[in-house]
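> For reference, this is upload_4.cif, and it has mmCIF, C-alpha atoms.
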data_query
#
loop_
_atom_site.group_PDB
_atom_site.id
_atom_site.type_symbol
_atom_site.label_atom_id
_atom_site.label_comp_id
_atom_site.auth_asym_id
_atom_site.auth_seq_id
_atom_site.Cartn_x
_atom_site.Cartn_y
_atom_site.Cartn_z
ATOM 1 C CA MET K 113 35.414 15.349 -4.069
ATOM 2 C CA PRO K 114 32.035 13.841 -5.064
ATOM 3 C CA ALA K 115 30.364 11.367 -2.705
ATOM 4 C CA SER K 116 30.765 8.531 -5.223
ATOM 5 C CA GLU K 117 34.544 9.015 -5.309
ATOM 6 C CA ILE K 118 34.742 9.149 -1.510
ATOM 7 C CA GLY K 119 32.720 5.945 -1.359
ATOM 8 C CA LYS K 120 34.980 4.241 -3.893
ATOM 9 C CA VAL K 121 38.125 5.201 -1.992
ATOM 10 C CA ALA K 122 36.608 4.057 1.317
ATOM 11 C CA GLU K 123 35.539 0.709 -0.187
ATOM 12 C CA GLU K 124 39.018 0.180 -1.643
ATOM 13 C CA ALA K 125 40.428 0.820 1.831
ATOM 14 C CA GLY K 126 38.172 -1.940 3.190
ATOM 15 C CA TYR K 127 35.467 0.157 4.791
ATOM 16 C CA GLU K 128 31.779 -0.633 4.495
ATOM 17 C CA VAL K 129 30.111 2.268 2.752
ATOM 18 C CA ASP K 130 26.474 3.342 2.947
ATOM 19 C CA LEU K 131 26.146 5.264 -0.306
ATOM 20 C CA LEU K 132 22.685 6.563 0.611
ATOM 21 C CA ALA K 133 23.996 8.134 3.802
ATOM 22 C CA LEU K 134 27.112 9.366 2.028
ATOM 23 C CA SER K 135 25.030 11.076 -0.642
ATOM 24 C CA GLY K 136 22.906 12.751 2.016
ATOM 25 C CA MET K 137 19.923 10.515 1.381
ATOM 26 C CA GLY K 138 19.147 8.954 4.736
ATOM 27 C CA LYS K 139 16.821 6.118 5.696
ATOM 28 C CA ASP K 140 13.774 8.398 5.903
ATOM 29 C CA ASP K 141 14.373 9.575 2.350
ATOM 30 C CA GLN K 142 14.650 5.950 1.196
ATOM 31 C CA TYR K 143 11.255 5.196 2.731
ATOM 32 C CA ALA K 144 9.798 8.327 1.189
ATOM 33 C CA ALA K 145 10.937 7.158 -2.246
ATOM 34 C CA ASP K 146 9.506 3.662 -1.695
ATOM 35 C CA PHE K 147 6.156 4.898 -0.415
ATOM 36 C CA ASP K 148 5.774 7.884 -2.729
ATOM 37 C CA HIS K 149 2.278 7.817 -4.264
ATOM 38 C CA VAL K 150 1.432 4.367 -2.850
ATOM 39 C CA LEU K 151 -1.928 5.567 -1.552
ATOM 40 C CA LYS K 152 -3.521 6.310 -4.903
ATOM 41 C CA PHE K 153 -6.920 4.693 -5.245
ATOM 42 C CA ASN K 154 -9.867 5.862 -7.268
ATOM 43 C CA ASP K 155 -11.728 2.581 -7.491
ATOM 44 C CA LEU K 156 -11.475 -1.082 -6.502
ATOM 45 C CA SER K 157 -9.110 -1.908 -9.336
ATOM 46 C CA SER K 158 -6.585 0.771 -8.381
ATOM 47 C CA ALA K 159 -7.019 -0.195 -4.715
ATOM 48 C CA LYS K 160 -6.151 -3.797 -5.537
ATOM 49 C CA HIS K 161 -2.919 -2.635 -7.189
ATOM 50 C CA LEU K 162 -2.190 -0.377 -4.221
ATOM 51 C CA PHE K 163 -2.388 -3.406 -1.927
ATOM 52 C CA TRP K 164 -0.070 -5.443 -4.167
ATOM 53 C CA ARG K 165 2.528 -2.667 -3.923
ATOM 54 C CA LEU K 166 2.001 -2.178 -0.188
ATOM 55 C CA THR K 167 2.294 -5.927 0.413
ATOM 56 C CA ALA K 168 5.477 -6.105 -1.662
ATOM 57 C CA LEU K 169 7.037 -3.291 0.363
ATOM 58 C CA PHE K 170 5.926 -4.836 3.647
ATOM 59 C CA LYS K 171 7.439 -8.213 2.659
ATOM 60 C CA LYS K 172 10.618 -6.535 1.408
ATOM 61 C CA TYR K 173 11.202 -4.881 4.763
ATOM 62 C CA ARG K 174 10.192 -7.971 6.714
ATOM 63 C CA ALA K 175 12.691 -10.083 4.721
ATOM 64 C CA ILE K 176 15.563 -7.816 5.724
ATOM 65 C CA ASP K 177 14.234 -7.411 9.275
ATOM 66 C CA ASP K 178 13.766 -3.667 8.830
ATOM 67 C CA LYS K 179 11.235 -2.815 11.531
ATOM 68 C CA LEU K 180 11.106 0.847 10.504
ATOM 69 C CA GLY K 181 10.150 -0.134 6.963
ATOM 70 C CA GLU K 182 7.491 -2.562 8.200
ATOM 71 C CA THR K 183 6.108 0.140 10.478
ATOM 72 C CA ARG K 184 6.041 2.624 7.607
ATOM 73 C CA ALA K 185 3.975 0.177 5.522
ATOM 74 C CA LEU K 186 1.517 -0.217 8.400
ATOM 75 C CA GLN K 187 1.324 3.556 8.858
ATOM 76 C CA GLU K 188 0.546 4.032 5.175
ATOM 77 C CA ALA K 189 -2.245 1.454 5.414
ATOM 78 C CA LYS K 190 -3.692 3.247 8.442
ATOM 79 C CA ARG K 191 -3.613 6.537 6.530
ATOM 80 C CA GLY K 192 -5.306 4.875 3.573
ATOM 81 C CA LYS K 193 -8.013 3.401 5.781
ATOM 82 C CA HIS K 194 -8.620 6.818 7.332
ATOM 83 C CA TRP K 195 -8.992 8.547 3.955
ATOM 84 C CA ALA K 196 -11.186 5.810 2.504
ATOM 85 C CA THR K 197 -13.419 6.065 5.583
ATOM 86 C CA VAL K 198 -13.597 9.859 5.306
ATOM 87 C CA MET K 199 -14.512 9.627 1.616
ATOM 88 C CA SER K 200 -17.125 6.949 2.330
ATOM 89 C CA LYS K 201 -18.965 9.489 4.496
ATOM 90 C CA ASN K 202 -18.686 12.423 2.109
ATOM 91 C CA LYS K 203 -22.227 13.359 1.044
ATOM 92 C CA LYS K 204 -20.848 15.307 -1.934
ATOM 93 C CA ILE K 205 -20.002 12.102 -3.799
ATOM 94 C CA SER K 206 -22.460 9.570 -5.173
ATOM 95 C CA ASP K 207 -23.880 6.715 -3.118
ATOM 96 C CA LEU K 208 -22.078 4.234 -5.350
ATOM 97 C CA LYS K 209 -18.685 5.919 -4.858
ATOM 98 C CA ARG K 210 -19.286 6.131 -1.100
ATOM 99 C CA ALA K 211 -20.072 2.406 -1.015
ATOM 100 C CA GLU K 212 -16.909 1.686 -2.993
ATOM 101 C CA LYS K 213 -14.796 3.790 -0.606
ATOM 102 C CA ALA K 214 -16.374 1.997 2.380
ATOM 103 C CA GLU K 215 -15.391 -1.302 0.765
ATOM 104 C CA ILE K 216 -11.820 -0.068 0.285
ATOM 105 C CA ALA K 217 -11.707 1.040 3.949
ATOM 106 C CA GLU K 218 -12.745 -2.500 4.881
ATOM 107 C CA TRP K 219 -9.917 -3.847 2.711
ATOM 108 C CA PHE K 220 -7.432 -1.642 4.558
ATOM 109 C CA GLY K 221 -8.740 -2.949 7.876
ATOM 110 C CA LEU K 222 -8.291 -6.539 6.774
ATOM 111 C CA TRP K 223 -4.828 -5.842 5.368
ATOM 112 C CA LEU K 224 -3.779 -4.261 8.661
ATOM 113 C CA ARG K 225 -4.904 -7.359 10.591
ATOM 114 C CA THR K 226 -3.540 -9.998 8.193
ATOM 115 C CA PRO K 227 -1.375 -8.624 5.360
ATOM 116 C CA ASP K 228 -0.165 -12.110 4.416
ATOM 117 C CA LEU K 229 -3.725 -13.335 3.760
ATOM 118 C CA PHE K 230 -4.920 -10.312 1.829
ATOM 119 C CA GLU K 231 -4.345 -11.646 -1.704
ATOM 120 C CA THR K 232 -6.339 -14.810 -1.008
ATOM 121 C CA TRP K 233 -9.093 -12.874 0.738
ATOM 122 C CA VAL K 234 -9.497 -10.312 -2.046
ATOM 123 C CA GLU K 235 -10.055 -13.061 -4.619
ATOM 124 C CA LEU K 236 -12.832 -14.528 -2.475
ATOM 125 C CA ARG K 237 -14.277 -11.089 -1.817
ATOM 126 C CA LYS K 238 -14.295 -10.254 -5.535
ATOM 127 C CA THR K 239 -16.616 -13.192 -6.223
ATOM 128 C CA GLN K 240 -18.888 -12.169 -3.366
ATOM 129 C CA LEU K 241 -18.991 -8.518 -4.509
ATOM 130 C CA ILE K 242 -19.949 -9.451 -8.053
ATOM 131 C CA LYS K 243 -22.937 -11.361 -6.646
ATOM 132 C CA GLU K 244 -23.901 -8.787 -4.004
ATOM 133 C CA ARG K 245 -23.370 -5.532 -5.887
ATOM 134 C CA PRO K 246 -23.600 -6.129 -9.637
ATOM 135 C CA GLU K 247 -25.084 -2.646 -10.079
ATOM 136 C CA TRP K 248 -21.854 -0.877 -9.129
ATOM 137 C CA LEU K 249 -19.091 -3.404 -9.613
ATOM 138 C CA ASP K 250 -17.807 -4.140 -13.078
ATOM 139 C CA PRO K 251 -16.941 -7.889 -13.125
ATOM 140 C CA ASP K 252 -13.625 -6.993 -14.795
ATOM 141 C CA ALA K 253 -12.761 -4.284 -12.241
ATOM 142 C CA LEU K 254 -10.586 -6.591 -10.191
ATOM 143 C CA SER K 255 -9.049 -8.688 -12.951
ATOM 144 C CA ASP K 256 -5.315 -8.715 -13.339
#
Spell out the structure here as structure tokens.

Amino acid sequence: MPASEIGKVAEEAGYEVDLLALSGMGKDDQYAADFDHVLKFNDLSSAKHLFWRLTALFKKYRAIDDKLGETRALQEAKRGKHWATVMSKNKKISDLKRAEKAEIAEWFGLWLRTPDLFETWVELRKTQLIKERPEWLDPDALSD
């Protein structure tokens, strides 16, 4: 009998059914699906979108008091910070790309300290970056 039919019969009998568990897809698999490809960032624009998605997931898990989900979001941010830092020190890429990766690593650090303030901070930082680094930051790079 397929898992969906077992679930339907159990629900009709008054049992609470976890269809993910019943189908063999446990909590870890659910997190894997949610966080799949979250850490894709080539530039500041893609990094900004990454943080929107990461923040949405973090808030989703916080709203349902899922500590494992919140922790997973924090772990992903730590991994992202690590990779951005590693890339910022890679002499094989241009100085401009290294500076951009260092900036993204800084963003990860701020997000890890205060995820709820990140969206406000990034808007302020965008203005500052356009003034400080016009040679490598396209003014439209962080627009929505």
> Output the residue selection produced by the PyMOL selection byres ((chain K and resi 221) around 12) on the file above, formatted as number ranges by chain.
K: 163, 186, 188-194, 196-197, 214-220, 222-227, 230
> Please report the interatomic distance between CA of Asp148 (chain K) and CA of Ala185 (chain K) in Å with one decimal.
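Going from CA of Asp148 (chain K) over to CA of Ala185 (chain K), I get 11.4 Å.
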> Which is closer to Thr232 (chain K) than all the others in K:Ile176, K:Leu169, K:Lys201, K:Lys160, using only C-alpha atoms?
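Once distances to Thr232 (chain K) are computed over only C-alpha atoms, the minimum belongs to K:Lys160.
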> Would you pick out the contacts of Met199 (chain K) at 9 Å or less, using only C-alpha atoms, so that residues sharing its chain but fewer than 6 positions from it are not included, and give the list as a list in words?
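The contact residues come out as Ile205, Lys209, Arg210, Lys213 and Ala214 of chain K.
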> Need the neighbours of (9.7, 4.8, 11.1): which residues are at most 12 Å away, counting all atoms listed in the file, as a list in words?
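Nearby residues: Lys139, Asp140, Asp141, Gln142, Tyr143, Ala144, Tyr173, Asp178, Lys179, Leu180, Gly181, Glu182, Thr183, Arg184, Ala185, Leu186, Gln187 and Glu188 of chain K.
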> Which centre and which edge lengths, in Å to one decimal, describe the axis-aligned box that holds all listed atoms of region 206-211 of chain K after 6 Å is added on each side, as JSON?

{"center_x": -21.3, "center_y": 6.0, "center_z": -3.2, "size_x": 17.2, "size_y": 19.2, "size_z": 16.3}
> Which residue is closest to Asp155 (chain K)? Choose from K:Ile242, K:Leu208, K:Lys172, K:Leu236 and count only C-alpha atoms.
K:Leu208
> What is the distance between CA of Leu241 (chain K) and CA of Ser206 (chain K), in Å to one decimal?
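A separation of 18.4 Å between them.
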> For the atom pair CA of Arg245 (chain K) and CA of His161 (chain K), what is the interatomic distance in Å to one decimal place?
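The value is 20.7 Å.
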